[in-house]
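Containing compact mmCIF, C-alpha atoms: query-v2.txt.
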# COMPACT_ATOMS: atom_id res chain seq x y z
CA MET A 1 0.00 0.00 0.00
CA ILE A 2 1.30 3.47 -0.85
CA GLN A 3 0.58 6.26 1.59
CA THR A 4 2.14 9.66 0.95
CA LEU A 5 3.03 11.38 4.20
CA PHE A 6 5.22 14.43 4.54
CA PHE A 7 7.12 15.37 7.70
CA GLU A 8 4.28 17.63 8.84
CA ASP A 9 1.78 14.74 8.55
CA TYR A 10 3.44 12.49 11.13
CA GLU A 11 1.91 12.61 14.62
CA VAL A 12 3.94 11.70 17.70
CA GLY A 13 2.15 8.89 19.51
CA SER A 14 0.39 7.43 16.48
CA SER A 15 0.93 3.71 16.05
CA ARG A 16 0.08 0.73 13.90
CA MET A 17 0.20 -3.04 14.38
CA THR A 18 0.91 -5.76 11.82
CA LEU A 19 -0.71 -9.13 11.49
CA GLY A 20 1.15 -12.15 12.85
CA ARG A 21 3.74 -14.46 11.32
CA THR A 22 4.83 -17.79 12.79
CA ILE A 23 8.57 -18.47 12.88
CA THR A 24 9.41 -21.89 11.47
CA GLU A 25 12.36 -24.24 11.53
CA THR A 26 12.79 -23.46 7.82
CA ASP A 27 13.16 -19.76 8.65
CA ILE A 28 15.98 -20.56 11.07
CA VAL A 29 17.77 -22.98 8.73
CA MET A 30 17.53 -20.57 5.79
CA HIS A 31 18.83 -17.67 7.88
CA ALA A 32 21.74 -19.76 9.13
CA GLY A 33 22.64 -20.59 5.53
CA GLN A 34 22.41 -16.97 4.44
CA THR A 35 24.47 -15.58 7.32
CA GLY A 36 26.82 -18.45 8.18
CA ASP A 37 25.60 -18.36 11.80
CA PHE A 38 25.31 -22.06 12.63
CA PHE A 39 25.76 -21.62 16.40
CA PRO A 40 24.21 -24.48 18.38
CA HIS A 41 21.67 -22.09 19.96
CA HIS A 42 19.91 -22.12 16.60
CA MET A 43 20.83 -25.49 15.09
CA ASP A 44 21.40 -28.16 17.78
CA ALA A 45 18.14 -29.27 19.43
CA GLU A 46 19.88 -31.75 21.75
CA TRP A 47 22.46 -29.25 22.99
CA CYS A 48 19.73 -26.67 23.58
CA LYS A 49 17.95 -29.10 25.93
CA THR A 50 20.96 -28.69 28.26
CA GLN A 51 20.67 -24.89 28.29
CA ASP A 52 18.43 -22.53 30.26
CA PHE A 53 16.27 -21.75 27.22
CA GLY A 54 15.65 -25.48 26.63
CA GLU A 55 15.05 -25.41 22.89
CA ARG A 56 16.42 -23.84 19.73
CA ILE A 57 16.05 -20.08 19.44
CA ALA A 58 15.75 -17.94 16.34
CA HIS A 59 18.63 -15.68 15.41
CA GLY A 60 18.11 -12.14 16.68
CA THR A 61 19.02 -10.91 13.21
CA LEU A 62 16.31 -13.15 11.74
CA ILE A 63 13.65 -11.65 14.00
CA PHE A 64 14.93 -8.15 13.22
CA SER A 65 14.80 -8.67 9.44
CA VAL A 66 11.42 -10.44 9.49
CA GLY A 67 9.95 -7.85 11.87
CA ILE A 68 11.16 -4.91 9.82
CA GLY A 69 9.85 -6.57 6.68
CA MET A 70 6.47 -7.07 8.33
CA SER A 71 6.30 -3.40 9.29
CA ALA A 72 7.17 -2.28 5.75
CA GLY A 73 3.67 -2.96 4.44
CA VAL A 74 3.07 0.77 3.95
CA MET A 75 5.28 2.45 1.35
CA ASN A 76 5.80 6.20 1.67
CA PRO A 77 7.53 7.66 -1.41
CA GLU A 78 8.39 10.82 0.59
CA ALA A 79 10.43 9.02 3.26
CA PHE A 80 13.42 6.72 3.43
CA SER A 81 15.10 4.73 6.14
CA TYR A 82 18.09 6.45 7.74
CA GLY A 83 18.95 3.52 9.99
CA TYR A 84 18.21 1.87 13.30
CA ASP A 85 19.34 2.71 16.82
CA ARG A 86 19.17 0.96 20.19
CA LEU A 87 18.49 -2.53 18.79
CA ARG A 88 17.81 -4.99 21.61
CA PHE A 89 16.98 -8.71 21.57
CA VAL A 90 14.77 -8.72 24.67
CA LYS A 91 13.44 -12.30 24.77
CA PRO A 92 14.15 -15.44 22.75
CA VAL A 93 11.88 -16.50 19.91
CA HIS A 94 11.37 -20.24 19.43
CA ILE A 95 10.20 -22.35 16.53
CA GLY A 96 6.40 -22.05 16.45
CA ASP A 97 6.24 -18.61 18.09
CA THR A 98 4.11 -16.06 16.28
CA ILE A 99 5.37 -12.50 16.10
CA ARG A 100 3.74 -9.22 15.16
CA VAL A 101 5.10 -5.71 15.08
CA ARG A 102 3.94 -2.45 16.66
CA THR A 103 5.45 0.81 15.42
CA THR A 104 4.85 4.06 17.28
CA ILE A 105 6.03 7.52 16.21
CA SER A 106 8.16 8.66 19.15
CA THR A 107 9.84 11.88 17.94
CA LYS A 108 9.97 14.42 15.13
CA GLU A 109 12.79 16.90 14.75
CA GLU A 110 14.46 19.18 12.27
CA TYR A 111 17.33 17.71 10.27
CA LEU A 112 19.89 20.47 9.78
CA LYS A 113 22.07 18.57 7.29
CA ARG A 114 19.18 18.48 4.80
CA PRO A 115 16.72 21.30 5.56
CA ALA A 116 14.16 19.98 3.06
CA TYR A 117 13.75 16.91 5.31
CA GLY A 118 12.84 16.20 8.91
CA LEU A 119 13.86 13.29 11.08
CA VAL A 120 11.07 11.02 12.32
CA THR A 121 11.79 8.24 14.80
CA GLU A 122 9.44 5.34 15.22
CA GLN A 123 9.79 2.89 18.09
CA VAL A 124 9.60 -0.66 16.71
CA GLU A 125 8.49 -3.46 19.03
CA VAL A 126 8.28 -7.07 17.93
CA LEU A 127 5.81 -8.95 20.13
CA ASN A 128 5.28 -12.68 20.60
CA GLN A 129 1.96 -14.49 20.97
CA GLN A 130 1.91 -13.65 24.71
CA ASN A 131 2.17 -9.95 23.80
CA GLN A 132 5.71 -9.81 25.25
CA VAL A 133 8.30 -7.61 23.57
CA VAL A 134 10.99 -9.85 22.06
CA LEU A 135 12.86 -7.17 20.08
CA ALA A 136 12.92 -3.39 20.24
CA CYS A 137 14.67 -0.68 18.26
CA ALA A 138 14.31 2.86 17.02
CA HIS A 139 13.82 3.29 13.27
CA LEU A 140 15.02 6.63 11.91
CA LEU A 141 13.31 8.05 8.83
CA LEU A 142 14.23 11.07 6.75
CA VAL A 143 10.95 12.54 5.56
CA LYS A 144 10.49 15.24 2.95
CA LYS A 145 8.78 18.45 4.09
CA LYS A 146 5.88 20.04 2.23
For this file, write the structure as structure tokens.
Amino acid sequence: MIQTLFFEDYEVGSSRMTLGRTITETDIVMHAGQTGDFFPHHMDAEWCKTQDFGERIAHGTLIFSVGIGMSAGVMNPEAFSYGYDRLRFVKPVHIGDTIRVRTTISTKEEYLKRPAYGLVTEQVEVLNQQNQVVLACAHLLLVKKK
């Protein structure tokens, strides 16, 4: 969906929530192959039984990339991603967990390096099926002014 929003159109405190997506063993195996991260936390079910978390966990980078992809369902041609700050892997995600993403506009400020743009920060929270935050970060957007 395309939604044209300029800097002035963003409202601090406004939020949106995605639908859910279940994390599968295939997701984890594919991500391991793409990144080369074959650590036993993700790949060795028997070893994980000996650890506090008890079962395989998804890569934090997998949950980050899937979560950001889920939140990108709205395309704004007047904004582009400037990066991410304060990325935290708060709780583990296991095979069979269902995640969804809440984004909330947290700040708006002038961007002096490019006066035709403003800086919008949205807080991104990936939630599991128990509504617990499993990942959090700040997404910075440069947004064109009217």
(request) Would you list the residues near (20.8, -20.1, 15.2), meaning any protein, DNA or RNA residue with an atom at most 7 Å from that point in file coordinates, counting all atoms listed in the file, as a PyMOL selection string? (result) chain A and resi 28+32+37-43+57-59
(request) Please provide the set of residues having any atom within 7 Å of Ile2 (chain A), restricted to all atoms listed in the file, with same-chain residues fewer than 4 positions apart removed, written as a list of chain:residue names. (result)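 Close residues of Ile2 (chain A): A:Val74, A:Met75, A:Asn76.
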(request) Neighbourhood query: residues within 6 Å of (8.7, 7.8, 11.9), file coordinates, counting only C-alpha atoms; return as a VMD selection string. (result) chain A and resid 105 120 to 122 141
(request) Might you pull out every residue within 7 Å of Tyr117 (chain A), with all atoms listed in the file counted and same-chain residues fewer than 4 positions away left off, and present them as a list in words? (result)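 What passes the distance filter is Tyr111, Leu142, Val143, Lys144 and Lys145 of chain A.
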(request) Kindly indicate which residue among A:His31, A:Val124, A:Tyr84, A:Leu140 lies nearest to Thr104 (chain A), using all atoms listed in the file for the distances. (result)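 Nearest candidate to Thr104 (chain A) out of A:His31, A:Val124, A:Tyr84, A:Leu140: A:Val124.
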(message) Calculated over only C-alpha atoms, which of the candidates A:Thr22, A:Trp47, A:Arg16, A:Glu55 has the smallest distance to Ala72 (chain A)?
(response)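 Nearest candidate to Ala72 (chain A) out of A:Thr22, A:Trp47, A:Arg16, A:Glu55: A:Arg16.
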(request) Have a look at A:Phe89, A:Glu46, A:Glu110, A:Gln129 and name the one nearest to Leu19 (chain A); count all atoms listed in the file. (result)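 Answer, going by the shortest atom-to-atom distance: A:Gln129.
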